[in-house]
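Enquirer: Just dropping this structure here.
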Amino acid sequence: INELTDTTSFELEISELNILKRTDSLYLARFIQSYRSNQQKDVVKKELLLEDSGDDWSILREQSQPVPQSDNETAAPEEAILPDAAIAALSADLTLPKTLKIGPCLNRGEVNRAEVILDRHKIDYHLSTGSGQVAMTHLREGIYPAAVAQKRLKTLKQMDVSASVVRKGKQLAVYVGSFHEEARATNFAEVLKQKKIEVTQIRAKAELSGKILTTKPLQQNVATEIAAELKTAHLPVTIFQQ
């Protein structure tokens, strides 16, 4: 891999790649990584412990150690950087039951989407009320001095656009909507654009209350598969270890 910038260039080379299968889902990748630039040069032996979740790969652990570059340096012992005991512990951890927490769901539609997915997989779950961090998309129309912001609110109201203000330092930020689903925020931004109202989408998390679905303990592969499906349905989901 070579990359050039205005001030520096570097070369990254991978050699002696060896991949070992440790369990049905765990793989150990060993290789030599050589890095050279006009400012630095090093060679390291690396080991990556990888998990195959079916649709994606995750790096669970990464370790490295220098490779001697001169006769004066002492060679590191030829042994695994990641001990078998550490890999076995991680493997055992992956086999422990997992629980899915879906939510908080802010409306009945989100609850219905979650229930359809869980029912299709015949997964038992408990429905309760709770709170948690929810990703929101806020549509900010602009930031103005207080007097200008108030005039802007009146103008937007005349255009049948609901708006509110939030203090930002000595000025006021004018917002014209907040959405849990990013797609809805984008669609509404397009509607506003047709009215010649330009907005900036601001992503932030907020502590909100709603319905939470908690599943029974599941095997790792089942939990990972269902969590991916829930995320595709734009539902907030967290995997917990029992």
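By convention here, the chains of the structure tokens are called A, B, ... in the order presented, each chain's residues are numbered starting at 1, and ligands are numbered starting at 1 in the order presented.
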List every residue of stretch 34-237 of chain A that DSSP, applied to the backbone, labels as strand (DSSP E), and write the result as a PyMOL selection string.
Expert: chain A and resi 34-37+41-52+57-66+98-105+125-144+164-168+171-179+200-215+237
Enquirer: Choose the residue, out of A:Leu139, A:Val67, A:Glu229, A:Pro236, that has the smallest atom-to-atom separation from A:Val116; count only C-alpha atoms.
Expert: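 When distances to A:Val116 are compared using only C-alpha atoms, the smallest one comes from A:Glu229.
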Enquirer: Within 6 Å of stretch 16-20 of chain A, which residues of stretch 26-46 of chain A show up? Give each one with its shortest atom-to-atom distance in Å (one decimal) and the two atoms involved, counting only C-alpha atoms, rows by chain then rising residue number, as CSV.
Expert:
residue,atom,partner,partner_atom,distance
A:Tyr27,CA,A:Leu20,CA,5.6
A:Leu28,CA,A:Leu20,CA,5.0
A:Ala29,CA,A:Ile19,CA,4.4
A:Arg30,CA,A:Asn18,CA,5.2
A:Phe31,CA,A:Leu17,CA,4.3
A:Ile32,CA,A:Glu16,CA,6.0
Enquirer: Suppose you want the space between atom CA of A:Gly109 and atom CA of A:Asp124; what is it in Å?
Expert: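 Rounded to one decimal, the two atoms are 19.3 Å apart.
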Enquirer: Given only C-alpha atoms, how would the per-residue table for stretch 122-180 of chain A near stretch 194-217 of chain A read, listing every residue at most 6 Å away with its closest atom pair and distance in Å to one decimal, sorted by chain and number, as JSON lines?
Expert:
{"residue": "A:Asp124", "atom": "CA", "partner": "A:Lys216", "partner_atom": "CA", "distance": 5.8}
{"residue": "A:Tyr125", "atom": "CA", "partner": "A:Thr215", "partner_atom": "CA", "distance": 4.0}
{"residue": "A:His126", "atom": "CA", "partner": "A:Thr214", "partner_atom": "CA", "distance": 5.2}
{"residue": "A:Leu127", "atom": "CA", "partner": "A:Leu213", "partner_atom": "CA", "distance": 4.6}
{"residue": "A:Ser128", "atom": "CA", "partner": "A:Ile212", "partner_atom": "CA", "distance": 5.3}
{"residue": "A:Thr129", "atom": "CA", "partner": "A:Lys211", "partner_atom": "CA", "distance": 4.6}
{"residue": "A:Gly130", "atom": "CA", "partner": "A:Ser209", "partner_atom": "CA", "distance": 5.5}
{"residue": "A:Ser131", "atom": "CA", "partner": "A:Ser209", "partner_atom": "CA", "distance": 4.0}
{"residue": "A:Gly132", "atom": "CA", "partner": "A:Glu207", "partner_atom": "CA", "distance": 5.3}
{"residue": "A:Gln133", "atom": "CA", "partner": "A:Glu207", "partner_atom": "CA", "distance": 4.6}
{"residue": "A:Val134", "atom": "CA", "partner": "A:Lys205", "partner_atom": "CA", "distance": 5.3}
{"residue": "A:Ala135", "atom": "CA", "partner": "A:Lys205", "partner_atom": "CA", "distance": 4.4}
{"residue": "A:Met136", "atom": "CA", "partner": "A:Ala204", "partner_atom": "CA", "distance": 5.4}
{"residue": "A:Thr137", "atom": "CA", "partner": "A:Arg203", "partner_atom": "CA", "distance": 4.6}
{"residue": "A:His138", "atom": "CA", "partner": "A:Ile202", "partner_atom": "CA", "distance": 5.0}
{"residue": "A:Leu139", "atom": "CA", "partner": "A:Gln201", "partner_atom": "CA", "distance": 4.8}
{"residue": "A:Arg140", "atom": "CA", "partner": "A:Thr200", "partner_atom": "CA", "distance": 5.1}
{"residue": "A:Glu141", "atom": "CA", "partner": "A:Val199", "partner_atom": "CA", "distance": 4.5}
Enquirer: By how many Å are atom CA of A:Cys105 and atom CA of A:Val222 apart?
Expert: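 Result for atom CA of A:Cys105 versus atom CA of A:Val222: 21.7 Å, one decimal.
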Enquirer: Compare A:Val111, A:Val44, A:Leu50, A:Ile226 by their minimum atom-to-atom distance to A:Lys21, counting only C-alpha atoms, and give me the closest one.
Expert: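 The closest residue to A:Lys21 is A:Leu50.
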Enquirer: Step one, run DSSP on the backbone; step two, keep only residues of stretch 119-221 of chain A assigned to alpha helix (DSSP H); then write them as a ChimeraX atom specification.
Expert: /A:119-120,146-158,182-194,220-221
Enquirer: Can you write out the residues you just picked, keeping N, CA and C atoms, as a CSV table (one decimal), in the first residue's frame?
Expert:
chain,number,residue,atom,x,y,z
A,119,ASP,N,-41.1,-12.5,16.7
A,119,ASP,CA,-42.1,-13.6,16.5
A,119,ASP,C,-41.7,-14.5,15.3
A,120,ARG,N,-41.1,-13.9,14.3
A,120,ARG,CA,-40.8,-14.7,13.1
A,120,ARG,C,-39.7,-15.7,13.5
A,146,ALA,N,-30.7,37.3,19.0
A,146,ALA,CA,-32.0,37.0,19.5
A,146,ALA,C,-33.1,37.7,18.7
A,147,ALA,N,-33.0,39.0,18.4
A,147,ALA,CA,-34.0,39.7,17.7
A,147,ALA,C,-34.3,39.1,16.3
A,148,VAL,N,-33.2,38.8,15.6
A,148,VAL,CA,-33.3,38.2,14.3
A,148,VAL,C,-34.0,36.8,14.4
A,149,ALA,N,-33.6,36.0,15.4
A,149,ALA,CA,-34.2,34.7,15.6
A,149,ALA,C,-35.8,34.8,15.8
A,150,GLN,N,-36.2,35.8,16.5
A,150,GLN,CA,-37.6,36.0,16.8
A,150,GLN,C,-38.4,36.3,15.5
A,151,LYS,N,-37.7,37.2,14.7
A,151,LYS,CA,-38.3,37.5,13.4
A,151,LYS,C,-38.4,36.3,12.5
A,152,ARG,N,-37.3,35.4,12.6
A,152,ARG,CA,-37.3,34.2,11.7
A,152,ARG,C,-38.4,33.3,12.1
A,153,LEU,N,-38.7,33.2,13.4
A,153,LEU,CA,-39.8,32.3,13.9
A,153,LEU,C,-41.1,32.8,13.3
A,154,LYS,N,-41.3,34.1,13.3
A,154,LYS,CA,-42.6,34.6,12.7
A,154,LYS,C,-42.7,34.3,11.2
A,155,THR,N,-41.6,34.4,10.5
A,155,THR,CA,-41.5,34.1,9.1
A,155,THR,C,-41.9,32.7,8.8
A,156,LEU,N,-41.2,31.8,9.6
A,156,LEU,CA,-41.5,30.3,9.4
A,156,LEU,C,-42.9,30.0,9.7
A,157,LYS,N,-43.5,30.6,10.7
A,157,LYS,CA,-44.9,30.3,11.1
A,157,LYS,C,-45.8,30.7,10.0
A,158,GLN,N,-45.5,31.8,9.3
A,158,GLN,CA,-46.3,32.3,8.1
A,158,GLN,C,-46.2,31.3,7.0
A,182,GLU,N,-33.7,8.8,11.0
A,182,GLU,CA,-32.9,9.7,10.1
A,182,GLU,C,-33.5,9.8,8.7
A,183,ALA,N,-34.2,8.8,8.2
A,183,ALA,CA,-34.8,8.8,6.9
A,183,ALA,C,-35.9,9.9,6.9
A,184,ARG,N,-36.7,9.9,8.0
A,184,ARG,CA,-37.8,10.9,8.0
A,184,ARG,C,-37.2,12.3,8.1
A,185,ALA,N,-36.1,12.5,8.8
A,185,ALA,CA,-35.5,13.8,8.9
A,185,ALA,C,-35.0,14.2,7.5
A,186,THR,N,-34.4,13.3,6.8
A,186,THR,CA,-33.9,13.6,5.4
A,186,THR,C,-35.1,14.0,4.5
A,187,ASN,N,-36.2,13.2,4.6
A,187,ASN,CA,-37.4,13.5,3.7
A,187,ASN,C,-38.0,14.9,4.0
A,188,PHE,N,-38.0,15.2,5.3
A,188,PHE,CA,-38.6,16.5,5.7
A,188,PHE,C,-37.7,17.6,5.3
A,189,ALA,N,-36.4,17.4,5.3
A,189,ALA,CA,-35.4,18.4,4.9
A,189,ALA,C,-35.6,18.7,3.4
A,190,GLU,N,-36.0,17.7,2.6
A,190,GLU,CA,-36.3,17.9,1.2
A,190,GLU,C,-37.5,18.7,1.0
A,191,VAL,N,-38.5,18.4,1.8
A,191,VAL,CA,-39.8,19.2,1.8
A,191,VAL,C,-39.5,20.7,2.0
A,192,LEU,N,-38.7,20.9,3.1
A,192,LEU,CA,-38.4,22.3,3.4
A,192,LEU,C,-37.6,23.0,2.3
A,193,LYS,N,-36.7,22.2,1.6
A,193,LYS,CA,-35.9,22.7,0.6
A,193,LYS,C,-36.8,23.2,-0.6
A,194,GLN,N,-37.9,22.6,-0.8
A,194,GLN,CA,-38.8,23.0,-1.8
A,194,GLN,C,-39.5,24.3,-1.5
A,220,GLN,N,-24.9,-17.1,20.9
A,220,GLN,CA,-24.2,-15.9,20.3
A,220,GLN,C,-24.6,-15.7,18.8
A,221,ASN,N,-24.6,-16.8,18.0
A,221,ASN,CA,-24.9,-16.6,16.6
A,221,ASN,C,-26.3,-16.2,16.3
Enquirer: Could you state the separation of atom CA of A:Val166 and atom CA of A:Ile143 in Å, given to one decimal place?
Expert: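 Spanning atom CA of A:Val166 to atom CA of A:Ile143 is a straight-line distance of 9.3 Å.
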Enquirer: Residues within 7 Å of A:Val165, please, as a list in words. Count only C-alpha atoms; anything in the same chain fewer than 2 positions from it doesn't count.
Expert: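 Final neighbour list, sorted by chain and number: Arg167, Leu172, Ala173, Val174 and Tyr175 of chain A.
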Enquirer: Output C-alpha atoms for every residue in that selection, as a short mmCIF file (atom, residue, chain, number, x, y, z; two decimals), in the first residue's frame.
Expert:
data_model
loop_
_atom_site.label_atom_id
_atom_site.label_comp_id
_atom_site.auth_asym_id
_atom_site.auth_seq_id
_atom_site.Cartn_x
_atom_site.Cartn_y
_atom_site.Cartn_z
CA ARG A 167 -29.95 29.26 23.27
CA LEU A 172 -30.39 31.56 19.40
CA ALA A 173 -30.45 28.46 17.21
CA VAL A 174 -33.67 27.97 15.25
CA TYR A 175 -34.82 24.35 14.85
#
Enquirer: Which one is closest to A:Ile14: A:Lys122, A:Asn112, A:Gln40, A:Lys45? Count only C-alpha atoms.
Expert: A:Lys45
Enquirer: Can you tell me which residues surround A:Asp52 at a distance of at most 10 Å, considering only C-alpha atoms, apart from same-chain residues fewer than 4 positions away, and format the answer as a PyMOL selection string?
Expert: chain A and resi 24-27+56-59+221
Enquirer: Export N, CA and C atoms of the chosen residues as a PDB file, in the first residue's frame?
Expert:
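Contents of the output file part.pdb:
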ATOM      1  N   ASP A  24     -15.287 -22.569  15.563  1.00  0.00           N
ATOM      2  CA  ASP A  24     -16.177 -22.395  14.415  1.00  0.00           C
ATOM      3  C   ASP A  24     -16.247 -20.946  13.958  1.00  0.00           C
ATOM      4  N   SER A  25     -16.024 -19.995  14.881  1.00  0.00           N
ATOM      5  CA  SER A  25     -16.154 -18.581  14.512  1.00  0.00           C
ATOM      6  C   SER A  25     -14.895 -17.757  14.777  1.00  0.00           C
ATOM      7  N   LEU A  26     -13.869 -18.359  15.407  1.00  0.00           N
ATOM      8  CA  LEU A  26     -12.655 -17.618  15.744  1.00  0.00           C
ATOM      9  C   LEU A  26     -11.489 -18.026  14.844  1.00  0.00           C
ATOM     10  N   TYR A  27     -10.780 -17.017  14.349  1.00  0.00           N
ATOM     11  CA  TYR A  27      -9.618 -17.245  13.494  1.00  0.00           C
ATOM     12  C   TYR A  27      -8.463 -16.394  14.004  1.00  0.00           C
ATOM     13  N   ASP A  56     -20.220 -10.367   8.772  1.00  0.00           N
ATOM     14  CA  ASP A  56     -19.149  -9.394   8.998  1.00  0.00           C
ATOM     15  C   ASP A  56     -18.043 -10.039   9.822  1.00  0.00           C
ATOM     16  N   TRP A  57     -16.888  -9.366   9.853  1.00  0.00           N
ATOM     17  CA  TRP A  57     -15.752  -9.805  10.656  1.00  0.00           C
ATOM     18  C   TRP A  57     -15.444  -8.748  11.703  1.00  0.00           C
ATOM     19  N   SER A  58     -15.056  -9.198  12.895  1.00  0.00           N
ATOM     20  CA  SER A  58     -14.689  -8.276  13.969  1.00  0.00           C
ATOM     21  C   SER A  58     -13.316  -8.653  14.512  1.00  0.00           C
ATOM     22  N   ILE A  59     -12.517  -7.635  14.855  1.00  0.00           N
ATOM     23  CA  ILE A  59     -11.228  -7.858  15.507  1.00  0.00           C
ATOM     24  C   ILE A  59     -11.461  -7.858  17.011  1.00  0.00           C
ATOM     25  N   ASN A 221     -24.584 -16.778  18.014  1.00  0.00           N
ATOM     26  CA  ASN A 221     -24.859 -16.610  16.584  1.00  0.00           C
ATOM     27  C   ASN A 221     -26.295 -16.167  16.336  1.00  0.00           C
TER      28      ASN A 221
END
